[in-house]
Every structure is written in C-alpha cells, then in structure tokens.
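Notes to accompany the following structure.
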Amino acid sequence: MEVRDRYDAPYENESLRKFLAGEPDDLPWMQSWFDMLRAATAEGRRFARVRVVSLPLTDYSRFGVWCAQFTNRAGEDIRYVVRRGAQEMGLPSHDYWLFDSSKLVKMHYDEQDRFLGGENIDEPAVIVRHNYWRDAAWHQAVRRDDFASEQAVGRIQRP
C-alpha cells in the first residue's frame with residue numbers, strides 16, 4: 001500500500017519533468033521492473049498494489065496514474081482509493097509491502113519524501129492487521145484505467 005502524495009526518487013525526476021511538460025518518455029528507469037513483472041507473472045506470481053491519493057491529484061500522483069498503465073500492462077494490478085475513503089476505513093498513514101501475506105515491510109520516509117529504508121516486521125498480530133488493511137483497501141479500490149478516466153489522466157504512450 002502506498003499512501004503518500006509525493007515521493008522524491010531522483011531516478012524518476014526526468015520522467016516526471018517530461019510528463020509535466022507533455023513530452024514523450026520511454027520510462028527507462030522502469031524497464032527492469034517491467035521485465036521482472038512479466039517474467040514473474042508468467043510463472044504465476046501475483047503483484048497488486050493499492051495507492052491512496054488525495055483529490056485533486058498532485059502532479060506526482062497524476063504521473064503515477066499515468067505510469068501505472070504500463071506497470072499494469074506488464075502484470076501488476078494497481079488500484080486507487082481516495083484519501084477520504086481511506087481515512088473512513090481506518091487505513092494506516094504509512095506505506096508497506098506484504099509478501100505472500102506473511103512478510104511485512106514498513107516503509108520509512110523523511111520530511112522531504114525521500115525513502116529511508118524498509119523495516120521488517122515479524123509480529124504476527126501486526127502482520128494480520130496489515131493484511132486486513134490490504135483486503136479492506138482492495139475491496140474499495142478502483143481499477144487504474146477506470147480511475148484514470150474518472151480523473152482525466154491522459155497521455156497514453158508506449159514505453
């Protein structure tokens with residue numbers, strides 16, 4: 001689950017700039033991720049993500065929705081929940097990844113939205129709670145293409 005409206009990832013900066021300027025981009029920094037997704041999903045593994053976003057969308061969130069069309073095409077299912085709905089569901093205010101519903105990594109960021117690292121969480125009750133949040137969010141989440149249409153996020157191009 002991703003809950004931030006912005007991430008400061010230097011490797012994305014040029015693609016974000018191009019997106020905002022309406023310039024074409026082949027997302028070179030994402031190609032290895034796409035390759036890994038295609039190979040893993042061909043082997044039957046599943047990748048899914050829920051993004052919690054504020055409305056109106058930030059420039060970074062619009063960029064993320066645009067990028068997600070390619071990630072989805074490569075095999076990851078990315079969906080969206082509006083922040084107000086996430087708050088009503090009691091979803092957490094931190095990013096996390098779950099692996100096979102049994103391994104939890106809580107993500108940490110600084111005040112400038114830079115990734116500081118992931119923390120492995122082993123406590124079973126905490127893992128169960130994060131699984132619940134994932135399932136609740138997934139139940140309410142809107143598919144990427146539907147969300148992009150609702151929010152008028154365009155610029156479909158092929159990387």
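We label chains A, B, ... in the order they appear in the structure tokens, count residues from 1 in each chain, and number ligands from 1 in the order shown.
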| query | Neighbours of A:Val52 within 9 Å (only C-alpha atoms; same-chain residues fewer than 3 positions away dropped), as a PyMOL selection string? | reply | chain A and resi 1-5+79-83+85-86+137+141
Residues within 12 Å of stretch 104-110 of chain A, please, as an mmCIF file with N, CA, C and O atoms, in the first residue's frame. Count only C-alpha atoms; anything in the same chain fewer than 6 positions from it doesn't count.
data_model
loop_
_atom_site.group_PDB
_atom_site.id
_atom_site.type_symbol
_atom_site.label_atom_id
_atom_site.label_comp_id
_atom_site.auth_asym_id
_atom_site.auth_seq_id
_atom_site.Cartn_x
_atom_site.Cartn_y
_atom_site.Cartn_z
ATOM 1 N N MET A 1 0.851 -1.161 0.000
ATOM 2 C CA MET A 1 0.000 0.000 0.000
ATOM 3 C C MET A 1 0.903 1.232 0.000
ATOM 4 O O MET A 1 1.885 1.286 0.723
ATOM 5 N N GLU A 2 0.542 2.173 -0.834
ATOM 6 C CA GLU A 2 1.263 3.446 -0.910
ATOM 7 C C GLU A 2 0.290 4.552 -0.528
ATOM 8 O O GLU A 2 -0.805 4.621 -1.080
ATOM 9 N N VAL A 3 0.701 5.407 0.402
ATOM 10 C CA VAL A 3 -0.236 6.407 0.920
ATOM 11 C C VAL A 3 0.267 7.845 0.778
ATOM 12 O O VAL A 3 -0.416 8.769 1.197
ATOM 13 N N ARG A 4 1.402 8.036 0.181
ATOM 14 C CA ARG A 4 1.974 9.378 0.077
ATOM 15 C C ARG A 4 1.547 10.037 -1.235
ATOM 16 O O ARG A 4 1.408 9.380 -2.248
ATOM 17 N N ARG A 6 3.440 12.194 -2.690
ATOM 18 C CA ARG A 6 4.678 12.521 -3.395
ATOM 19 C C ARG A 6 5.792 11.639 -2.858
ATOM 20 O O ARG A 6 5.825 11.303 -1.679
ATOM 21 N N TYR A 7 6.702 11.290 -3.762
ATOM 22 C CA TYR A 7 7.917 10.575 -3.403
ATOM 23 C C TYR A 7 9.060 11.285 -4.099
ATOM 24 O O TYR A 7 8.937 11.668 -5.263
ATOM 25 N N ASP A 8 10.161 11.477 -3.402
ATOM 26 C CA ASP A 8 11.329 12.099 -4.013
ATOM 27 C C ASP A 8 12.311 10.994 -4.369
ATOM 28 O O ASP A 8 13.130 10.579 -3.553
ATOM 29 N N ALA A 9 12.167 10.484 -5.569
ATOM 30 C CA ALA A 9 13.046 9.438 -6.081
ATOM 31 C C ALA A 9 13.816 10.030 -7.259
ATOM 32 O O ALA A 9 13.242 10.196 -8.343
ATOM 33 N N PRO A 92 -3.915 2.772 7.444
ATOM 34 C CA PRO A 92 -2.757 3.411 8.075
ATOM 35 C C PRO A 92 -2.236 4.581 7.255
ATOM 36 O O PRO A 92 -2.570 4.730 6.076
ATOM 37 N N SER A 93 -1.396 5.376 7.876
ATOM 38 C CA SER A 93 -0.800 6.531 7.192
ATOM 39 C C SER A 93 0.635 6.240 6.762
ATOM 40 O O SER A 93 1.382 7.156 6.480
ATOM 41 N N HIS A 94 1.001 4.968 6.714
ATOM 42 C CA HIS A 94 2.354 4.602 6.276
ATOM 43 C C HIS A 94 2.288 3.612 5.117
ATOM 44 O O HIS A 94 1.339 2.844 4.984
ATOM 45 N N ASP A 95 3.324 3.656 4.292
ATOM 46 C CA ASP A 95 3.461 2.708 3.197
ATOM 47 C C ASP A 95 3.928 1.368 3.750
ATOM 48 O O ASP A 95 4.705 1.325 4.717
ATOM 49 N N TYR A 96 3.497 0.299 3.100
ATOM 50 C CA TYR A 96 4.020 -1.016 3.455
ATOM 51 C C TYR A 96 3.856 -1.978 2.291
ATOM 52 O O TYR A 96 3.037 -1.767 1.409
ATOM 53 N N TRP A 97 4.668 -3.014 2.315
ATOM 54 C CA TRP A 97 4.569 -4.112 1.355
ATOM 55 C C TRP A 97 4.325 -5.393 2.118
ATOM 56 O O TRP A 97 4.922 -5.619 3.179
ATOM 57 N N LEU A 98 3.474 -6.228 1.586
ATOM 58 C CA LEU A 98 3.245 -7.578 2.105
ATOM 59 C C LEU A 98 3.701 -8.571 1.052
ATOM 60 O O LEU A 98 3.376 -8.417 -0.127
ATOM 61 N N LEU A 116 13.906 6.230 3.207
ATOM 62 C CA LEU A 116 14.972 5.972 4.175
ATOM 63 C C LEU A 116 15.272 4.486 4.321
ATOM 64 O O LEU A 116 16.360 4.115 4.757
ATOM 65 N N GLY A 117 14.303 3.649 3.999
ATOM 66 C CA GLY A 117 14.514 2.209 4.101
ATOM 67 C C GLY A 117 13.259 1.498 4.554
ATOM 68 O O GLY A 117 12.274 2.108 4.948
ATOM 69 N N GLY A 118 13.325 0.179 4.503
ATOM 70 C CA GLY A 118 12.211 -0.653 4.928
ATOM 71 C C GLY A 118 12.544 -1.368 6.222
ATOM 72 O O GLY A 118 13.688 -1.731 6.470
ATOM 73 N N GLU A 119 11.524 -1.554 7.029
ATOM 74 C CA GLU A 119 11.660 -2.228 8.320
ATOM 75 C C GLU A 119 10.880 -3.536 8.272
ATOM 76 O O GLU A 119 9.664 -3.534 8.070
ATOM 77 N N ASN A 120 11.574 -4.657 8.456
ATOM 78 C CA ASN A 120 10.891 -5.952 8.518
ATOM 79 C C ASN A 120 10.147 -6.056 9.834
ATOM 80 O O ASN A 120 10.729 -5.850 10.892
ATOM 81 N N ILE A 121 8.864 -6.377 9.744
ATOM 82 C CA ILE A 121 8.025 -6.532 10.932
ATOM 83 C C ILE A 121 7.680 -8.013 11.050
ATOM 84 O O ILE A 121 7.143 -8.605 10.113
ATOM 85 N N ASP A 122 7.971 -8.594 12.212
ATOM 86 C CA ASP A 122 7.751 -10.022 12.419
ATOM 87 C C ASP A 122 6.584 -10.345 13.347
ATOM 88 O O ASP A 122 6.193 -11.508 13.461
ATOM 89 N N GLU A 123 6.029 -9.346 13.997
ATOM 90 C CA GLU A 123 4.979 -9.587 14.983
ATOM 91 C C GLU A 123 3.689 -10.051 14.289
ATOM 92 O O GLU A 123 3.104 -9.307 13.490
ATOM 93 N N PRO A 124 3.226 -11.273 14.570
ATOM 94 C CA PRO A 124 2.062 -11.828 13.861
ATOM 95 C C PRO A 124 0.814 -10.940 13.903
ATOM 96 O O PRO A 124 0.133 -10.784 12.880
ATOM 97 N N ALA A 125 0.485 -10.348 15.038
ATOM 98 C CA ALA A 125 -0.725 -9.526 15.131
ATOM 99 C C ALA A 125 -0.622 -8.295 14.230
ATOM 100 O O ALA A 125 -1.624 -7.871 13.637
ATOM 101 N N VAL A 126 0.561 -7.731 14.113
ATOM 102 C CA VAL A 126 0.760 -6.564 13.247
ATOM 103 C C VAL A 126 0.628 -6.978 11.783
ATOM 104 O O VAL A 126 0.033 -6.258 10.971
ATOM 105 N N ILE A 127 1.157 -8.134 11.441
ATOM 106 C CA ILE A 127 1.044 -8.640 10.071
ATOM 107 C C ILE A 127 -0.421 -8.893 9.725
ATOM 108 O O ILE A 127 -0.883 -8.523 8.632
ATOM 109 N N VAL A 128 -1.156 -9.492 10.627
ATOM 110 C CA VAL A 128 -2.585 -9.750 10.397
ATOM 111 C C VAL A 128 -3.335 -8.431 10.184
ATOM 112 O O VAL A 128 -4.171 -8.316 9.274
ATOM 113 N N ARG A 129 -3.041 -7.416 10.992
ATOM 114 C CA ARG A 129 -3.702 -6.109 10.852
ATOM 115 C C ARG A 129 -3.410 -5.509 9.474
ATOM 116 O O ARG A 129 -4.293 -4.961 8.814
ATOM 117 N N HIS A 130 -2.171 -5.615 9.005
ATOM 118 C CA HIS A 130 -1.824 -5.081 7.686
ATOM 119 C C HIS A 130 -2.499 -5.872 6.565
ATOM 120 O O HIS A 130 -2.869 -5.292 5.541
ATOM 121 N N ASN A 131 -2.671 -7.168 6.749
ATOM 122 C CA ASN A 131 -3.435 -7.953 5.780
ATOM 123 C C ASN A 131 -4.886 -7.482 5.733
ATOM 124 O O ASN A 131 -5.470 -7.366 4.652
ATOM 125 N N ARG A 134 -4.967 -4.249 3.853
ATOM 126 C CA ARG A 134 -4.812 -4.513 2.423
ATOM 127 C C ARG A 134 -6.126 -4.987 1.821
ATOM 128 O O ARG A 134 -6.560 -4.497 0.779
#
| request: Calculate how many Å separate atom CA of A:Trp133 from atom CA of A:Glu12, rounding to one decimal. | output: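 Computed distance, atom CA of A:Trp133 to atom CA of A:Glu12, equals 28.1 Å.
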| request: Would you list, as a PyMOL selection string, the residues of stretch 31-75 of chain A that end up in strand (DSSP E) under DSSP run on this structure's backbone? | output: chain A and resi 47-53
Restrict the selected residues to C-alpha atoms and save them as a compact mmCIF listing (two decimals), in the first residue's frame.
# COMPACT_ATOMS: atom_id res chain seq x y z
CA PHE A 47 1.60 -8.43 -7.92
CA ALA A 48 -1.01 -5.98 -6.64
CA ARG A 49 -0.85 -2.54 -5.12
CA VAL A 50 -3.31 -0.01 -3.72
CA ARG A 51 -2.44 3.67 -3.85
CA VAL A 52 -4.21 6.12 -1.56
CA VAL A 53 -4.43 9.52 -3.24
| field | DSSP helix (DSSP H, G or I) selection over stretch 52-137 of chain A, as a PyMOL selection string | value | chain A and resi 59-74+83-89+124-137
| said: List the spatial neighbours of stretch 41-45 of chain A as number ranges by chain - criterion: any atom at most 12 Å away, only C-alpha atoms, same-chain residues fewer than 5 positions off excluded. | reply: A: 33-36, 71-77, 99-100
| With distances taken over only C-alpha atoms, which of A:Ala40, A:Phe70, A:Lys103, A:Pro10 is nearest to A:Asp26? | A:Phe70
| task | List the neighbours of A:Glu150 out to 12 Å using only C-alpha atoms; skip same-chain residues closer than 4 positions along the sequence, and give me the result as number ranges by chain. | result | A: 55-57, 62, 65, 80, 82, 142-146, 154
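One finds atom CA of A:Ala152 at 28.8 Å from atom CA of A:Phe115.
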| field | Among listed residues A:Trp138, A:Gln151, A:Glu111, A:Phe63, nearest A:Ala21 (using only C-alpha atoms) | value |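 Checking each of A:Trp138, A:Gln151, A:Glu111, A:Phe63 against A:Ala21, counting only C-alpha atoms, the winner is A:Phe63.
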